[in-house]
$ cat upload23.csv   # CSV, C-alpha atoms and all ligand atoms
chain,number,residue,atom,x,y,z
A,1,MET,CA,145.2,84.4,135.6
A,2,LYS,CA,144.6,81.1,133.9
A,3,ARG,CA,142.2,80.8,131.0
A,4,ASP,CA,139.9,78.5,132.9
A,5,ASP,CA,139.5,80.7,136.0
A,6,LYS,CA,135.9,81.4,136.8
A,7,LEU,CA,134.8,85.0,136.9
A,8,LYS,CA,131.6,86.4,138.2
A,9,CYS,CA,129.4,88.5,136.0
A,10,SER,CA,128.5,91.8,137.8
A,11,ARG,CA,125.0,91.7,136.4
A,12,CYS,CA,123.7,88.2,136.5
A,13,ASN,CA,126.2,87.0,139.1
A,14,LYS,CA,126.8,83.8,137.2
A,15,GLU,CA,130.2,82.3,137.0
A,16,LYS,CA,131.7,82.5,133.6
A,17,THR,CA,135.0,81.5,132.0
A,18,ARG,CA,137.4,84.2,130.8
A,19,ARG,CA,136.3,83.4,127.3
A,20,GLU,CA,132.6,84.2,128.1
A,21,ILE,CA,133.1,87.5,129.9
A,22,ILE,CA,134.5,90.9,129.1
A,23,ARG,CA,135.5,94.0,131.0
A,24,ILE,CA,133.2,97.0,130.6
A,25,ASN,CA,133.7,100.2,132.7
A,26,SER,CA,136.0,98.3,135.1
A,27,GLN,CA,133.3,95.6,135.7
A,28,TRP,CA,133.0,92.0,134.4
A,29,VAL,CA,130.0,91.5,132.2
A,30,CYS,CA,129.2,88.1,130.6
A,31,LYS,CA,128.3,88.0,126.9
A,32,ASP,CA,124.7,87.0,127.6
A,33,CYS,CA,124.1,90.0,129.7
A,34,GLN,CA,125.9,92.2,127.1
A,35,ARG,CA,123.7,90.9,124.3
A,36,GLU,CA,120.6,91.5,126.4
A,37,ALA,CA,121.7,95.0,127.2
A,38,LYS,CA,122.2,95.7,123.5
A,39,GLN,CA,118.7,94.3,122.6
A,40,ASN,CA,117.1,96.4,125.3
A,41,LYS,CA,118.8,99.5,124.1
A,42,ARG,CA,117.7,98.8,120.5
A,43,LYS,CA,114.1,98.1,121.7
A,44,LYS,CA,114.1,101.3,123.7
A,45,HIS,CA,115.3,103.3,120.7
A,46,LEU,CA,112.7,101.8,118.4
A,47,ASP,CA,110.0,102.5,121.0
A,48,GLU,CA,111.1,106.1,121.1
A,49,LEU,CA,111.0,106.4,117.3
A,50,ARG,CA,107.5,104.9,117.3
A,51,GLU,CA,106.4,107.3,120.0
A,52,LYS,CA,107.7,110.2,117.9
A,53,GLY,CA,105.9,108.8,114.9
A,54,VAL,CA,109.2,108.5,112.9
A,55,ILE,CA,108.4,104.8,112.2
A,56,ARG,CA,105.0,103.0,112.1
A,57,LYS,CA,103.6,101.7,115.3
A,58,LYS,CA,103.9,98.0,115.8
A,59,ARG,CA,100.9,96.2,114.4
A,60,SER,CA,98.9,94.1,116.8
A,61,PRO,CA,98.7,90.3,116.0
A,62,GLN,CA,95.2,90.9,114.7
A,63,GLU,CA,96.3,93.8,112.5
A,64,MET,CA,99.3,91.8,111.3
A,65,MET,CA,97.0,88.9,110.3
A,66,GLU,CA,94.6,91.2,108.4
A,67,TYR,CA,97.6,92.8,106.7
A,68,ARG,CA,99.0,89.4,105.6
A,69,GLU,CA,95.5,88.4,104.3
A,70,GLU,CA,95.2,91.6,102.3
A,71,GLN,CA,98.7,91.1,100.8
A,72,LYS,CA,97.9,87.6,99.9
A,73,ALA,CA,94.6,88.6,98.2
A,74,GLN,CA,96.3,91.4,96.3
A,75,LYS,CA,99.0,88.9,95.1
A,76,LEU,CA,96.3,86.5,93.9
A,77,ILE,CA,94.5,89.3,92.0
A,78,THR,CA,97.7,90.3,90.2
A,79,GLN,CA,98.6,86.7,89.4
A,80,GLU,CA,95.1,86.1,88.0
A,81,LYS,CA,95.4,89.2,85.8
A,82,GLN,CA,98.8,88.1,84.5
A,83,LYS,CA,97.6,84.6,83.8
A,84,ASN,CA,94.6,85.9,81.8
A,85,PHE,CA,96.7,88.3,79.8
A,86,LYS,CA,97.2,86.9,76.3
A,87,PRO,CA,98.9,88.9,73.6
A,88,ILE,CA,97.1,88.9,70.3
A,89,ILE,CA,98.8,87.0,67.5
A,90,ARG,CA,99.7,89.4,64.7
A,91,GLY,CA,97.6,88.9,61.6
A,92,SER,CA,95.0,86.9,63.4
A,93,LYS,CA,91.5,86.8,62.0
A,94,LYS,CA,90.1,88.7,65.0
A,95,GLN,CA,92.2,91.8,64.1
A,96,THR,CA,91.1,91.9,60.5
A,97,GLN,CA,87.5,91.7,61.5
A,98,ARG,CA,87.8,95.0,63.5
A,99,LYS,CA,84.6,97.0,63.9
A,100,PHE,CA,85.3,100.6,63.1
A,101,SER,CA,82.8,102.3,65.4
A,102,ILE,CA,84.6,101.4,68.6
A,103,GLY,CA,87.7,102.6,70.4
A,104,LEU,CA,90.0,99.9,71.5
A,105,THR,CA,89.0,96.3,71.1
A,106,PHE,CA,88.8,93.9,74.1
A,107,GLU,CA,92.1,92.3,73.0
A,108,GLU,CA,93.8,95.7,72.8
A,109,LYS,CA,92.6,96.7,76.2
A,110,LYS,CA,93.9,93.5,77.6
A,111,ILE,CA,97.3,94.2,76.1
A,112,LEU,CA,97.4,97.6,77.6
A,113,PHE,CA,96.0,96.3,80.9
A,114,GLY,CA,98.8,93.8,81.3
A,115,LEU,CA,101.4,96.4,80.3
A,116,LEU,CA,100.3,99.0,82.8
A,117,ILE,CA,99.8,96.5,85.6
A,118,LYS,CA,103.4,95.2,85.0
A,119,ARG,CA,104.6,98.8,85.3
A,120,GLY,CA,103.2,98.8,88.8
A,121,LEU,CA,100.3,101.2,88.3
A,122,PRO,CA,97.3,100.8,90.6
A,123,VAL,CA,94.2,99.1,89.0
A,124,ASP,CA,92.1,102.3,89.2
A,125,GLU,CA,94.7,104.3,87.4
A,126,VAL,CA,95.2,101.6,84.8
A,127,LYS,CA,91.4,101.6,84.0
A,128,GLU,CA,91.4,105.4,83.7
A,129,ARG,CA,94.4,105.4,81.5
A,130,ILE,CA,92.9,102.8,79.2
A,131,LYS,CA,89.7,104.7,78.9
A,132,ALA,CA,91.6,107.8,78.0
A,133,ILE,CA,93.6,105.9,75.4
A,134,SER,CA,90.4,104.2,74.0
A,135,ASP,CA,88.7,107.6,73.7
A,136,ASN,CA,91.7,108.9,71.9
A,137,THR,CA,91.9,106.0,69.5
A,138,LYS,CA,88.3,106.7,68.4
A,139,LYS,CA,89.5,110.1,67.1
A,140,ILE,CA,92.5,108.4,65.4
A,141,ARG,CA,90.2,106.0,63.7
A,142,GLU,CA,87.9,108.8,62.5
A,143,LYS,CA,90.9,110.6,61.1
A,144,ILE,CA,92.1,107.5,59.3
A,145,LYS,CA,88.6,106.9,57.9
A,146,SER,CA,88.5,110.4,56.6
A,147,GLU,CA,91.8,109.8,54.7
A,148,THR,CA,90.9,106.5,53.1
A,149,GLU,CA,87.9,104.3,52.6
A,150,ASP,CA,89.8,101.0,52.0
A,151,ALA,CA,89.0,98.8,55.0
A,152,LYS,CA,92.4,97.0,54.7
A,153,GLU,CA,94.2,100.3,54.6
A,154,ILE,CA,92.3,101.6,57.6
A,155,ASN,CA,93.1,98.5,59.5
A,156,ARG,CA,96.8,98.7,58.6
A,157,LYS,CA,97.1,102.3,59.6
A,158,PHE,CA,95.2,101.7,62.8
A,159,LYS,CA,97.5,98.8,63.7
A,160,GLU,CA,100.4,101.2,63.2
A,161,SER,CA,98.9,103.7,65.5
A,162,PHE,CA,98.2,101.2,68.2
A,163,ALA,CA,101.7,99.8,68.1
A,164,LYS,CA,102.9,103.4,68.7
A,165,ILE,CA,100.6,103.7,71.6
A,166,VAL,CA,101.8,100.4,73.1
A,167,GLU,CA,105.4,101.5,72.6
A,168,GLY,CA,104.7,104.8,74.3
A,169,GLU,CA,103.2,103.1,77.4
A,170,ARG,CA,106.0,100.7,77.9
A,201,ZN,ZN,125.8,88.0,133.1

$ encode --input "upload23.csv" --output "structure tokens"
Amino acid sequence: MKRDDKLKCSRCNKEKTRREIIRINSQWVCKDCQREAKQNKRKKHLDELREKGVIRKKRSPQEMMEYREEQKAQKLITQEKQKNFKPIIRGSKKQTQRKFSIGLTFEEKKILFGLLIKRGLPVDEVKERIKAISDNTKKIREKIKSETEDAKEINRKFKESFAKIVEGER
């Protein structure tokens, strides 16, 4: 048989060259039909898995659109948070003017917020975690205040404690 001889595909009955056709179970099948059969088999298998609940059911176009919108919104929120996150400059005036009656300052909360969000924690969890840390720092501050009355010393010791907290959350 010459290379250019035409052969008939047993499935689509189209004439194909030797190059475009192969022998499967003693029948000639063209490559197009073969590809289609493969795709059908794969689709059938996926449908079975979806039926069994092994993989998620295919989303409808409407659901897919809603899903994409949701993802987009989530991405924007995250970007916005990261954009607004500014680390405090060490030794800045703001830090030395700390009020002693509170837990974490707004700046400190922002640092922790950025840190925990970057770690991939959900926003609700991050808020709870920061609240817990803030409550805890109130106690730390009380303890430092009981040890010394010097405002600068209190500030220095508290900065140390906060640095440790940040390190622990990284
Ligand atoms: Zn064919």

$ residues_around --input "upload23.csv" --residues "Leu121 in chain A" --least-positions-apart "6" --cutoff "12 Å" --atoms "only C-alpha atoms" --output "count of residues only"
11

$ closest_residue --input "upload23.csv" --among "A:Gln71, A:Asn84, A:Ser10, A:Gln27" --to "ligand ZN 201 (chain A)" --atoms "all atoms listed in the file"
A:Ser10

$ residues_near_ligand --input "upload23.csv" --ligand "ligand ZN 201 (chain A)" --cutoff "7 Å" --atoms "only C-alpha atoms and all ligand atoms" --output "JSON, numbers by chain"
{"A": [9, 10, 11, 12, 13, 14, 29, 30, 31, 32, 33]}

$ closest_residue --input "upload23.csv" --among "A:Arg50, A:Trp28, A:Glu66, A:Arg156" --to "Lys16 in chain A" --atoms "all atoms listed in the file"
A:Trp28

$ closest_residue --input "upload23.csv" --among "A:Lys44, A:Lys81, A:Lys58, A:Arg35" --to "Lys118 in chain A" --atoms "all atoms listed in the file"
A:Lys81

$ closest_residue --input "upload23.csv" --among "A:Gln74, A:Ser146, A:Gln82, A:Thr137" --to "Ala163 in chain A" --atoms "only C-alpha atoms"
A:Thr137

$ closest_residue --input "upload23.csv" --among "A:Lys138, A:Lys109, A:Arg18, A:Lys152" --to "Val166 in chain A" --atoms "only C-alpha atoms"
A:Lys109

$ closest_residue --input "upload23.csv" --among "A:Ser60, A:Ala73, A:Phe158, A:Ile22" --to "Lys143 in chain A" --atoms "only C-alpha atoms"
A:Phe158

$ atom_distance --input "upload23.csv" --atom1 "CA of Gly103 in chain A" --atom2 "CA of Glu153 in chain A"
17.2 Å

$ atom_distance --input "upload23.csv" --atom1 "CA of His45 in chain A" --atom2 "CA of Ile21 in chain A"
25.5 Å

$ residues_around --input "upload23.csv" --residues "Lys145 in chain A" --least-positions-apart "4" --cutoff "7 Å" --atoms "all atoms listed in the file" --output "MDAnalysis selection string"
chainID A and resid 141 149 154

$ atom_distance --input "upload23.csv" --atom1 "CA of Met64 in chain A" --atom2 "CA of Gln79 in chain A"
22.5 Å

$ decode --input "upload23.csv" --residues "range 146-167 of chain A" --atoms "N, CA and C atoms" --output "PDB file, in the first residue's frame"
ATOM      1  N   SER A 146       3.064  49.033  86.653  1.00  0.00           N
ATOM      2  CA  SER A 146       3.266  48.715  88.065  1.00  0.00           C
ATOM      3  C   SER A 146       4.754  48.607  88.399  1.00  0.00           C
ATOM      4  N   GLU A 147       5.573  48.417  87.349  1.00  0.00           N
ATOM      5  CA  GLU A 147       7.012  48.252  87.578  1.00  0.00           C
ATOM      6  C   GLU A 147       7.756  49.590  87.556  1.00  0.00           C
ATOM      7  N   THR A 148       7.284  50.491  86.695  1.00  0.00           N
ATOM      8  CA  THR A 148       7.960  51.793  86.611  1.00  0.00           C
ATOM      9  C   THR A 148       6.948  52.906  86.333  1.00  0.00           C
ATOM     10  N   GLU A 149       7.291  54.111  86.757  1.00  0.00           N
ATOM     11  CA  GLU A 149       6.370  55.217  86.507  1.00  0.00           C
ATOM     12  C   GLU A 149       6.889  56.136  85.418  1.00  0.00           C
ATOM     13  N   ASP A 150       8.120  55.871  84.992  1.00  0.00           N
ATOM     14  CA  ASP A 150       8.717  56.715  83.964  1.00  0.00           C
ATOM     15  C   ASP A 150       8.048  56.467  82.612  1.00  0.00           C
ATOM     16  N   ALA A 151       7.430  57.499  82.067  1.00  0.00           N
ATOM     17  CA  ALA A 151       6.654  57.349  80.831  1.00  0.00           C
ATOM     18  C   ALA A 151       7.502  56.825  79.682  1.00  0.00           C
ATOM     19  N   LYS A 152       8.748  57.313  79.582  1.00  0.00           N
ATOM     20  CA  LYS A 152       9.633  56.867  78.503  1.00  0.00           C
ATOM     21  C   LYS A 152       9.965  55.392  78.640  1.00  0.00           C
ATOM     22  N   GLU A 153      10.195  54.995  79.884  1.00  0.00           N
ATOM     23  CA  GLU A 153      10.545  53.596  80.160  1.00  0.00           C
ATOM     24  C   GLU A 153       9.345  52.678  79.863  1.00  0.00           C
ATOM     25  N   ILE A 154       8.167  53.141  80.248  1.00  0.00           N
ATOM     26  CA  ILE A 154       6.951  52.369  79.966  1.00  0.00           C
ATOM     27  C   ILE A 154       6.817  52.180  78.463  1.00  0.00           C
ATOM     28  N   ASN A 155       7.016  53.286  77.751  1.00  0.00           N
ATOM     29  CA  ASN A 155       6.898  53.259  76.298  1.00  0.00           C
ATOM     30  C   ASN A 155       7.903  52.290  75.675  1.00  0.00           C
ATOM     31  N   ARG A 156       9.128  52.358  76.157  1.00  0.00           N
ATOM     32  CA  ARG A 156      10.198  51.513  75.616  1.00  0.00           C
ATOM     33  C   ARG A 156       9.872  50.035  75.857  1.00  0.00           C
ATOM     34  N   LYS A 157       9.459  49.730  77.097  1.00  0.00           N
ATOM     35  CA  LYS A 157       9.147  48.342  77.431  1.00  0.00           C
ATOM     36  C   LYS A 157       7.949  47.834  76.626  1.00  0.00           C
ATOM     37  N   PHE A 158       6.996  48.749  76.439  1.00  0.00           N
ATOM     38  CA  PHE A 158       5.819  48.307  75.687  1.00  0.00           C
ATOM     39  C   PHE A 158       6.170  48.046  74.227  1.00  0.00           C
ATOM     40  N   LYS A 159       7.022  48.889  73.674  1.00  0.00           N
ATOM     41  CA  LYS A 159       7.461  48.690  72.282  1.00  0.00           C
ATOM     42  C   LYS A 159       8.123  47.329  72.119  1.00  0.00           C
ATOM     43  N   GLU A 160       8.909  46.975  73.117  1.00  0.00           N
ATOM     44  CA  GLU A 160       9.578  45.673  73.130  1.00  0.00           C
ATOM     45  C   GLU A 160       8.545  44.546  73.090  1.00  0.00           C
ATOM     46  N   SER A 161       7.538  44.676  73.966  1.00  0.00           N
ATOM     47  CA  SER A 161       6.499  43.646  74.032  1.00  0.00           C
ATOM     48  C   SER A 161       5.752  43.536  72.710  1.00  0.00           C
ATOM     49  N   PHE A 162       5.448  44.701  72.144  1.00  0.00           N
ATOM     50  CA  PHE A 162       4.698  44.673  70.888  1.00  0.00           C
ATOM     51  C   PHE A 162       5.513  44.029  69.768  1.00  0.00           C
ATOM     52  N   ALA A 163       6.804  44.325  69.744  1.00  0.00           N
ATOM     53  CA  ALA A 163       7.680  43.720  68.730  1.00  0.00           C
ATOM     54  C   ALA A 163       7.651  42.199  68.853  1.00  0.00           C
ATOM     55  N   LYS A 164       7.621  41.720  70.116  1.00  0.00           N
ATOM     56  CA  LYS A 164       7.577  40.273  70.350  1.00  0.00           C
ATOM     57  C   LYS A 164       6.251  39.692  69.821  1.00  0.00           C
ATOM     58  N   ILE A 165       5.173  40.428  70.068  1.00  0.00           N
ATOM     59  CA  ILE A 165       3.856  39.961  69.604  1.00  0.00           C
ATOM     60  C   ILE A 165       3.851  39.848  68.082  1.00  0.00           C
ATOM     61  N   VAL A 166       4.356  40.905  67.421  1.00  0.00           N
ATOM     62  CA  VAL A 166       4.404  40.916  65.951  1.00  0.00           C
ATOM     63  C   VAL A 166       5.238  39.742  65.453  1.00  0.00           C
ATOM     64  N   GLU A 167       6.370  39.529  66.108  1.00  0.00           N
ATOM     65  CA  GLU A 167       7.260  38.426  65.718  1.00  0.00           C
ATOM     66  C   GLU A 167       6.520  37.087  65.840  1.00  0.00           C
TER      67      GLU A 167
END
